[in-house]
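Raw contents of model-v4.cif, mmCIF, C-alpha atoms and all ligand atoms:
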data_structure
#
loop_
_atom_site.group_PDB
_atom_site.id
_atom_site.type_symbol
_atom_site.label_atom_id
_atom_site.label_comp_id
_atom_site.auth_asym_id
_atom_site.auth_seq_id
_atom_site.Cartn_x
_atom_site.Cartn_y
_atom_site.Cartn_z
ATOM 1 C CA MET A 1 0.000 0.000 0.000
ATOM 2 C CA ARG A 2 1.435 3.359 -1.010
ATOM 3 C CA LEU A 3 1.542 6.002 1.638
ATOM 4 C CA PRO A 4 -0.573 9.112 1.039
ATOM 5 C CA PHE A 5 1.073 12.296 -0.151
ATOM 6 C CA ASP A 6 2.689 14.194 2.717
ATOM 7 C CA SER A 7 4.569 17.292 1.611
ATOM 8 C CA PRO A 8 6.526 18.457 -1.447
ATOM 9 C CA ASP A 9 10.112 17.329 -1.711
ATOM 10 C CA GLN A 10 12.419 20.043 -3.069
ATOM 11 C CA LEU A 11 14.837 18.352 -5.484
ATOM 12 C CA ALA A 12 16.591 21.520 -6.691
ATOM 13 C CA ASP A 13 16.152 25.288 -6.704
ATOM 14 C CA GLY A 14 12.843 25.599 -8.565
ATOM 15 C CA MET A 15 11.940 21.892 -8.664
ATOM 16 C CA TRP A 16 9.586 20.061 -6.330
ATOM 17 C CA LEU A 17 8.423 16.460 -6.363
ATOM 18 C CA LEU A 18 4.967 15.683 -4.988
ATOM 19 C CA PRO A 19 5.072 11.894 -4.869
ATOM 20 C CA ARG A 20 1.791 10.004 -5.367
ATOM 21 C CA PHE A 21 -0.209 13.222 -5.423
ATOM 22 C CA VAL A 22 -2.953 11.801 -7.651
ATOM 23 C CA GLU A 23 -5.008 8.594 -7.740
ATOM 24 C CA THR A 24 -4.652 8.277 -11.469
ATOM 25 C CA HIS A 25 -7.376 5.707 -12.155
ATOM 26 C CA LYS A 26 -9.893 8.479 -11.393
ATOM 27 C CA LEU A 27 -8.580 10.385 -14.437
ATOM 28 C CA SER A 28 -8.994 7.674 -17.046
ATOM 29 C CA GLU A 29 -12.486 8.583 -18.290
ATOM 30 C CA THR A 30 -11.631 12.261 -18.547
ATOM 31 C CA LEU A 31 -8.395 11.525 -20.372
ATOM 32 C CA HIS A 32 -10.253 9.191 -22.719
ATOM 33 C CA ASP A 33 -12.718 11.986 -23.583
ATOM 34 C CA ILE A 34 -9.838 14.268 -24.572
ATOM 35 C CA THR A 35 -7.978 11.669 -26.608
ATOM 36 C CA SER A 36 -11.174 10.634 -28.405
ATOM 37 C CA ALA A 37 -11.762 14.225 -29.546
ATOM 38 C CA SER A 38 -8.097 14.946 -30.369
ATOM 39 C CA PRO A 39 -6.141 11.686 -30.700
ATOM 40 C CA PRO A 40 -2.442 11.715 -29.789
ATOM 41 C CA ARG A 41 -0.234 11.696 -32.872
ATOM 42 C CA GLN A 42 3.463 11.613 -33.700
ATOM 43 C CA MET A 43 4.405 15.142 -34.720
ATOM 44 C CA ARG A 44 7.318 16.091 -36.964
ATOM 45 C CA THR A 45 10.167 18.257 -35.801
ATOM 46 C CA PRO A 46 11.009 21.308 -37.948
ATOM 47 C CA TRP A 47 13.914 19.144 -39.200
ATOM 48 C CA GLY A 48 11.624 16.443 -40.528
ATOM 49 C CA LYS A 49 12.177 13.829 -37.802
ATOM 50 C CA THR A 50 9.251 11.960 -36.283
ATOM 51 C CA MET A 51 8.912 12.413 -32.539
ATOM 52 C CA SER A 52 8.856 9.272 -30.468
ATOM 53 C CA ALA A 53 5.990 10.218 -28.114
ATOM 54 C CA TYR A 54 2.391 10.679 -29.283
ATOM 55 C CA ILE A 55 1.162 14.181 -28.478
ATOM 56 C CA THR A 56 -2.171 15.903 -28.035
ATOM 57 C CA ASN A 57 -3.464 18.844 -25.994
ATOM 58 C CA ALA A 58 -6.367 20.256 -24.071
ATOM 59 C CA GLY A 59 -6.795 23.978 -23.547
ATOM 60 C CA ALA A 60 -7.330 27.320 -25.251
ATOM 61 C CA VAL A 61 -4.161 26.580 -27.215
ATOM 62 C CA GLY A 62 -2.076 23.471 -27.768
ATOM 63 C CA TRP A 63 1.579 22.854 -28.540
ATOM 64 C CA VAL A 64 2.271 21.771 -32.113
ATOM 65 C CA SER A 65 5.361 21.033 -34.171
ATOM 66 C CA ASP A 66 5.738 20.714 -37.935
ATOM 67 C CA HIS A 67 8.003 21.929 -40.744
ATOM 68 C CA ASN A 68 7.098 25.507 -39.791
ATOM 69 C CA GLY A 69 8.490 25.121 -36.259
ATOM 70 C CA TYR A 70 7.160 24.874 -32.719
ATOM 71 C CA ARG A 71 4.247 27.009 -31.558
ATOM 72 C CA TYR A 72 1.011 27.127 -29.593
ATOM 73 C CA SER A 73 -2.068 26.947 -31.791
ATOM 74 C CA PRO A 74 -5.782 27.398 -30.929
ATOM 75 C CA HIS A 75 -6.690 24.564 -33.337
ATOM 76 C CA ASP A 76 -5.814 20.913 -33.573
ATOM 77 C CA PRO A 77 -4.240 20.687 -37.036
ATOM 78 C CA ALA A 78 -5.448 17.078 -37.351
ATOM 79 C CA THR A 79 -9.138 17.880 -36.806
ATOM 80 C CA GLY A 80 -9.239 21.581 -37.712
ATOM 81 C CA LYS A 81 -11.221 22.108 -34.516
ATOM 82 C CA PRO A 82 -10.329 23.801 -31.228
ATOM 83 C CA TRP A 83 -8.588 21.543 -28.716
ATOM 84 C CA PRO A 84 -10.842 20.049 -26.034
ATOM 85 C CA SER A 85 -10.968 22.336 -23.015
ATOM 86 C CA ILE A 86 -8.991 21.484 -19.870
ATOM 87 C CA PRO A 87 -11.340 19.530 -17.613
ATOM 88 C CA HIS A 88 -12.015 21.161 -14.264
ATOM 89 C CA GLN A 89 -10.878 17.933 -12.575
ATOM 90 C CA PHE A 90 -7.432 18.396 -14.165
ATOM 91 C CA SER A 91 -6.970 22.139 -13.626
ATOM 92 C CA LYS A 92 -7.957 21.712 -9.977
ATOM 93 C CA ILE A 93 -5.152 19.191 -9.452
ATOM 94 C CA ALA A 94 -2.622 21.440 -11.211
ATOM 95 C CA ALA A 95 -3.596 24.519 -9.200
ATOM 96 C CA LYS A 96 -3.477 22.570 -5.936
ATOM 97 C CA ALA A 97 -0.016 21.196 -6.704
ATOM 98 C CA ALA A 98 1.275 24.629 -7.747
ATOM 99 C CA ALA A 99 -0.094 26.202 -4.552
ATOM 100 C CA GLN A 100 1.735 23.569 -2.474
ATOM 101 C CA THR A 101 5.026 24.871 -3.894
ATOM 102 C CA GLY A 102 4.272 28.584 -3.568
ATOM 103 C CA PHE A 103 2.612 29.366 -6.905
ATOM 104 C CA ASP A 104 -0.806 30.697 -5.962
ATOM 105 C CA ASN A 105 -3.607 31.145 -8.513
ATOM 106 C CA PHE A 106 -1.994 29.018 -11.220
ATOM 107 C CA THR A 107 -4.439 29.021 -14.140
ATOM 108 C CA PRO A 108 -2.997 26.902 -16.975
ATOM 109 C CA ASP A 109 -4.239 27.506 -20.504
ATOM 110 C CA VAL A 110 -2.573 24.363 -21.897
ATOM 111 C CA CYS A 111 -2.510 20.742 -20.861
ATOM 112 C CA LEU A 112 0.083 19.127 -23.130
ATOM 113 C CA ILE A 113 -0.365 15.365 -23.201
ATOM 114 C CA ASN A 114 2.454 12.978 -24.112
ATOM 115 C CA ARG A 115 1.794 9.272 -24.572
ATOM 116 C CA TYR A 116 4.768 6.902 -24.432
ATOM 117 C CA CYS A 117 4.940 3.227 -25.213
ATOM 118 C CA VAL A 118 7.776 0.906 -24.237
ATOM 119 C CA GLY A 119 10.946 2.238 -25.889
ATOM 120 C CA SER A 120 9.575 5.760 -26.453
ATOM 121 C CA GLN A 121 11.753 8.594 -25.227
ATOM 122 C CA MET A 122 12.076 12.362 -25.288
ATOM 123 C CA ARG A 123 15.487 13.767 -26.160
ATOM 124 C CA ALA A 124 17.049 16.649 -24.237
ATOM 125 C CA HIS A 125 15.386 19.971 -25.001
ATOM 126 C CA LYS A 126 14.327 23.268 -23.426
ATOM 127 C CA ASP A 127 10.737 24.461 -23.257
ATOM 128 C CA LYS A 128 10.769 28.078 -24.398
ATOM 129 C CA ASP A 129 7.544 28.574 -26.339
ATOM 130 C CA GLU A 130 5.636 29.955 -23.347
ATOM 131 C CA ARG A 131 5.386 33.727 -23.047
ATOM 132 C CA ASP A 132 5.809 34.176 -19.293
ATOM 133 C CA GLU A 133 8.675 32.180 -17.814
ATOM 134 C CA THR A 134 7.799 33.268 -14.274
ATOM 135 C CA GLN A 135 4.848 30.850 -14.538
ATOM 136 C CA PRO A 136 5.596 27.299 -13.401
ATOM 137 C CA ILE A 137 5.044 24.073 -15.327
ATOM 138 C CA VAL A 138 3.202 21.317 -13.481
ATOM 139 C CA SER A 139 3.918 17.777 -14.697
ATOM 140 C CA LEU A 140 1.774 14.744 -13.839
ATOM 141 C CA SER A 141 2.879 11.208 -14.699
ATOM 142 C CA LEU A 142 0.544 8.241 -15.217
ATOM 143 C CA GLY A 143 1.236 4.564 -15.785
ATOM 144 C CA LEU A 144 4.675 3.075 -16.386
ATOM 145 C CA PRO A 145 7.606 4.666 -14.546
ATOM 146 C CA ALA A 146 10.189 6.780 -16.373
ATOM 147 C CA THR A 147 13.638 8.192 -15.822
ATOM 148 C CA PHE A 148 13.498 11.973 -16.115
ATOM 149 C CA PHE A 149 16.868 13.701 -16.591
ATOM 150 C CA PHE A 150 17.758 17.369 -16.416
ATOM 151 C CA ARG A 151 20.746 19.676 -16.504
ATOM 152 C CA LEU A 152 21.115 23.401 -16.098
ATOM 153 C CA GLU A 153 23.987 23.785 -18.599
ATOM 154 C CA LYS A 154 23.886 22.374 -22.106
ATOM 155 C CA ASN A 155 26.882 20.066 -21.653
ATOM 156 C CA GLY A 156 26.842 19.841 -17.864
ATOM 157 C CA PRO A 157 26.180 16.707 -15.820
ATOM 158 C CA SER A 158 22.658 15.262 -15.834
ATOM 159 C CA GLN A 159 20.651 14.519 -12.753
ATOM 160 C CA LYS A 160 18.062 11.777 -12.858
ATOM 161 C CA VAL A 161 14.729 11.333 -11.110
ATOM 162 C CA GLN A 162 12.393 8.336 -11.348
ATOM 163 C CA LEU A 163 8.806 9.384 -12.000
ATOM 164 C CA HIS A 164 6.017 7.038 -10.983
ATOM 165 C CA ASP A 165 2.288 6.843 -11.519
ATOM 166 C CA GLY A 166 0.582 9.712 -9.709
ATOM 167 C CA ASP A 167 3.743 11.772 -9.163
ATOM 168 C CA ILE A 168 3.650 15.509 -9.791
ATOM 169 C CA VAL A 169 6.710 17.653 -10.402
ATOM 170 C CA VAL A 170 6.528 21.441 -10.314
ATOM 171 C CA PHE A 171 9.175 23.382 -12.259
ATOM 172 C CA GLY A 172 9.666 27.086 -11.652
ATOM 173 C CA GLY A 173 12.328 29.744 -11.330
ATOM 174 C CA PRO A 174 15.767 28.647 -12.588
ATOM 175 C CA MET A 175 14.464 25.160 -13.473
ATOM 176 C CA ARG A 176 12.111 26.593 -16.088
ATOM 177 C CA ARG A 177 15.082 26.939 -18.406
ATOM 178 C CA CYS A 178 16.828 23.612 -17.837
ATOM 179 C CA TYR A 179 17.531 20.990 -20.498
ATOM 180 C CA HIS A 180 15.497 17.892 -19.794
ATOM 181 C CA GLY A 181 14.158 14.701 -21.288
ATOM 182 C CA ILE A 182 12.907 11.169 -20.734
ATOM 183 C CA LYS A 183 15.007 8.003 -21.143
ATOM 184 C CA PRO A 184 13.477 5.178 -23.199
ATOM 185 C CA ILE A 185 10.574 3.628 -21.282
ATOM 186 C CA ALA A 186 11.413 0.196 -19.889
ATOM 187 C CA PRO A 187 9.073 -2.740 -20.519
ATOM 188 C CA GLY A 188 6.381 -3.191 -17.929
ATOM 189 C CA ASN A 189 2.694 -3.501 -17.318
ATOM 190 C CA HIS A 190 0.812 -1.080 -15.120
ATOM 191 C CA GLN A 191 -2.390 -2.289 -13.423
ATOM 192 C CA VAL A 192 -4.446 0.632 -14.695
ATOM 193 C CA TRP A 193 -2.557 1.977 -17.708
ATOM 194 C CA GLY A 194 -1.028 -1.181 -19.205
ATOM 195 C CA SER A 195 2.226 -0.811 -21.130
ATOM 196 C CA THR A 196 1.805 2.952 -21.474
ATOM 197 C CA ARG A 197 3.119 6.064 -19.808
ATOM 198 C CA TRP A 198 1.261 9.358 -20.013
ATOM 199 C CA ASN A 199 2.623 12.733 -19.023
ATOM 200 C CA LEU A 200 0.401 15.765 -18.634
ATOM 201 C CA THR A 201 2.089 19.165 -18.393
ATOM 202 C CA PHE A 202 0.013 22.138 -17.303
ATOM 203 C CA ARG A 203 1.352 25.401 -18.620
ATOM 204 C CA LYS A 204 0.535 29.028 -19.042
ATOM 205 C CA ALA A 205 1.498 29.690 -22.649
ATOM 206 C CA LEU A 206 -0.327 32.955 -23.406
HETATM 207 C C1 LIG B 1 11.409 21.409 -16.928
HETATM 208 N N1 LIG B 1 7.783 16.192 -21.050
HETATM 209 O O1 LIG B 1 6.425 17.847 -22.699
HETATM 210 S S1 LIG B 1 7.709 16.330 -17.910
HETATM 211 C C2 LIG B 1 7.601 18.162 -22.417
HETATM 212 O O2 LIG B 1 7.607 13.318 -19.128
HETATM 213 C C3 LIG B 1 8.396 17.263 -21.555
HETATM 214 O O3 LIG B 1 6.715 13.825 -21.010
HETATM 215 C C4 LIG B 1 8.462 15.185 -20.265
HETATM 216 O O4 LIG B 1 9.542 17.510 -21.344
HETATM 217 C C5 LIG B 1 7.523 14.026 -20.099
HETATM 218 O O5 LIG B 1 8.128 19.209 -22.795
HETATM 219 C C6 LIG B 1 8.955 15.697 -18.968
HETATM 220 C C7 LIG B 1 8.663 17.401 -16.922
HETATM 221 C C8 LIG B 1 8.968 18.744 -17.509
HETATM 222 C C9 LIG B 1 8.158 19.332 -18.445
HETATM 223 C C10 LIG B 1 8.435 20.605 -18.894
HETATM 224 C C11 LIG B 1 9.520 21.312 -18.398
HETATM 225 C C12 LIG B 1 10.045 19.425 -17.028
HETATM 226 C C13 LIG B 1 10.330 20.718 -17.443
HETATM 227 C C14 LIG B 1 9.804 22.619 -18.797
HETATM 228 C C15 LIG B 1 10.866 23.305 -18.262
HETATM 229 C C16 LIG B 1 11.667 22.689 -17.339
HETATM 230 FE FE FE B 2 9.907 19.600 -21.992
#

Could you write out this file's structure as structure tokens?
Amino acid sequence: MRLPFDSPDQLADGMWLLPRFVETHKLSETLHDITSASPPRQMRTPWGKTMSAYITNAGAVGWVSDHNGYRYSPHDPATGKPWPSIPHQFSKIAAKAAAQTGFDNFTPDVCLINRYCVGSQMRAHKDKDERDETQPIVSLSLGLPATFFFRLEKNGPSQKVQLHDGDIVVFGGPMRRCYHGIKPIAPGNHQVWGSTRWNLTFRKAL
């Protein structure tokens, strides 16, 4: 039996881990509604490579990548329609987690959703498409565990953190500009989510 969430664990200046913050099985219907309306898809980088994770969004805008570059767009290019809105159930969790780490009144306008299968990864990158870098990013992991790595300098040493089902990480301050990524997902089978990992990042892009 996993212990209930106690208090945030500060891993670095601007980075907090809230272990087992969410009972993720309660999110499955809501997540299914989003992914039915806007199915996750492998986007292309501006350099023509196919990304490993499958991506979709909820919110007033969503993150997209294609030959024109990275940007936030009010429409899902695959459906031509607006992205599904962020469910209240989700934004409530994000705001609560942000408040626990000192970011009051966090009102995300994007929930970027990454779906990983076994072997999927995310190479080192910086997130810099959001307008206001004083706003935190709240990350929620579901399903299979993953090794998250980050470094503050481009060629500096990496630190690693294991992320498990239900874990939230809040990134703010100096951590907003770190290089980070996800190592290839190891084989496994999660009771609720099967051989899949999902990551939801709540952001203020506009
Ligand atoms: C630190 N996602 O979507 S979440 C991404 O698990 C992304 O899918 C990973 O990196 C995932 O861009 C990692 C943790 C995360 C997300 C965004 C950040 C850490 C961050 C932005 C700035 C700094
Ligand atoms: Fe990122």

Handout entry: Answer key for the PyMOL selection byres (((chain A and resi 59) around 8) and not hetatm), residues as an MDAnalysis selection string
Key = chainID A and resid 57:58 60:62 83:86 109:111

Which residues are near ligand FE 2 (chain B) - at most 8 Å, using only C-alpha atoms and all ligand atoms? Format: as a PDB file with C-alpha atoms, keeping the file's coordinate frame.
ATOM      1  CA  HIS A 125      15.386  19.971 -25.001  1.00  0.00           C
ATOM      2  CA  LYS A 126      14.327  23.268 -23.426  1.00  0.00           C
ATOM      3  CA  ASP A 127      10.737  24.461 -23.257  1.00  0.00           C
ATOM      4  CA  TYR A 179      17.531  20.990 -20.498  1.00  0.00           C
ATOM      5  CA  HIS A 180      15.497  17.892 -19.794  1.00  0.00           C
ATOM      6  CA  GLY A 181      14.158  14.701 -21.288  1.00  0.00           C
TER       7      GLY A 181
END

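Of the residues under consideration (A:Gln159, A:Ser36, A:Ser120, A:Thr201), A:Thr201 shows the shortest atom-to-atom contact distance to A:Phe90 when counting all atoms listed in the file.
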
Centre and edge lengths, as JSON, for the axis-aligned box enclosing every listed atom of ligand LIG 1 (chain B) with 8 Å of padding on each of the six sides, in Å to one decimal?
{"center_x": 9.0, "center_y": 18.3, "center_z": -19.9, "size_x": 21.2, "size_y": 26.0, "size_z": 21.9}

Exercise for the section: Would you please work out which residue, of A:Ala146, A:Ile34, A:Val192, A:Met43, is nearest to A:Tyr116 when using all atoms listed in the file? Expected result: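 Looking only at the distances to A:Tyr116, the closest residue turns out to be A:Ala146.
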
Completion exercise
Expressed in Å, the length from atom CA of A:Thr45 to atom N1 of ligand LIG 1 (chain B) is 15.1 Å

Exercise for the section: Go ahead and compute the interatomic distance for atom CA of A:Ala186 and atom CA of A:Val118, in Å to one decimal. Expected result: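 Computing the Euclidean distance for atom CA of A:Ala186 and atom CA of A:Val118 yields 5.7 Å.
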
Practice task
May I ask which of the residues A:Asp6, A:Glu153, A:Asp33, A:Glu23 is the closest one to A:Met175, counting only C-alpha atoms?
Solution key: A:Glu153

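Closest to ligand LIG 1 (chain B) among A:Ile137, A:Met51, A:Leu31, A:Leu144 is A:Ile137, based on all atoms listed in the file.
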
Picked residues, the PyMOL selection byres (((chain A and resi 100) around 12) and not hetatm), expected as a tab-separated table (two decimals) with C-alpha atoms, in the frame of the given file:
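As written to disk, expr01.tsv reads:
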chain	number	residue	atom	x	y	z
A	5	PHE	CA	1.07	12.30	-0.15
A	6	ASP	CA	2.69	14.19	2.72
A	7	SER	CA	4.57	17.29	1.61
A	8	PRO	CA	6.53	18.46	-1.45
A	9	ASP	CA	10.11	17.33	-1.71
A	10	GLN	CA	12.42	20.04	-3.07
A	16	TRP	CA	9.59	20.06	-6.33
A	17	LEU	CA	8.42	16.46	-6.36
A	18	LEU	CA	4.97	15.68	-4.99
A	21	PHE	CA	-0.21	13.22	-5.42
A	93	ILE	CA	-5.15	19.19	-9.45
A	94	ALA	CA	-2.62	21.44	-11.21
A	95	ALA	CA	-3.60	24.52	-9.20
A	96	LYS	CA	-3.48	22.57	-5.94
A	97	ALA	CA	-0.02	21.20	-6.70
A	98	ALA	CA	1.27	24.63	-7.75
A	99	ALA	CA	-0.09	26.20	-4.55
A	101	THR	CA	5.03	24.87	-3.89
A	102	GLY	CA	4.27	28.58	-3.57
A	103	PHE	CA	2.61	29.37	-6.90
A	104	ASP	CA	-0.81	30.70	-5.96
A	105	ASN	CA	-3.61	31.14	-8.51
A	106	PHE	CA	-1.99	29.02	-11.22
A	138	VAL	CA	3.20	21.32	-13.48
A	168	ILE	CA	3.65	15.51	-9.79
A	169	VAL	CA	6.71	17.65	-10.40
A	170	VAL	CA	6.53	21.44	-10.31

Problem - Who sits within 12 Å of A:Asp13, only C-alpha atoms, same chain under 6 positions skipped, as a list of chain:residue names - result: A:Thr101, A:Leu152, A:Val170, A:Phe171, A:Gly172, A:Gly173, A:Pro174, A:Met175, A:Arg176, A:Arg177, A:Cys178

Exercise for the section: For the structure provided, state which residues fall under the PyMOL selection byres (((chain A and resi 199) around 9) and not hetatm), and present them as a list in words. Expected result: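 Applying the expression gives Leu112, Ile113, Asn114, Arg115, Tyr116, Ser139, Leu140, Ser141, Leu142, Gly143, Arg197, Trp198, Leu200 and Thr201 of chain A.
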
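Minimum atom-to-atom distance to A:Pro108, evaluated using all atoms listed in the file, belongs to A:Pro87 out of A:Thr50, A:Met15, A:Pro87, A:Arg123.
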
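The closest residue to ligand LIG 1 (chain B), picked from A:Gly14, A:Arg71, A:Gly194, A:Gly119 and counting only C-alpha atoms and all ligand atoms, is A:Gly14.
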
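Atom to atom, atom C16 of ligand LIG 1 (chain B) and atom CA of A:Glu130 stand 11.2 Å apart.
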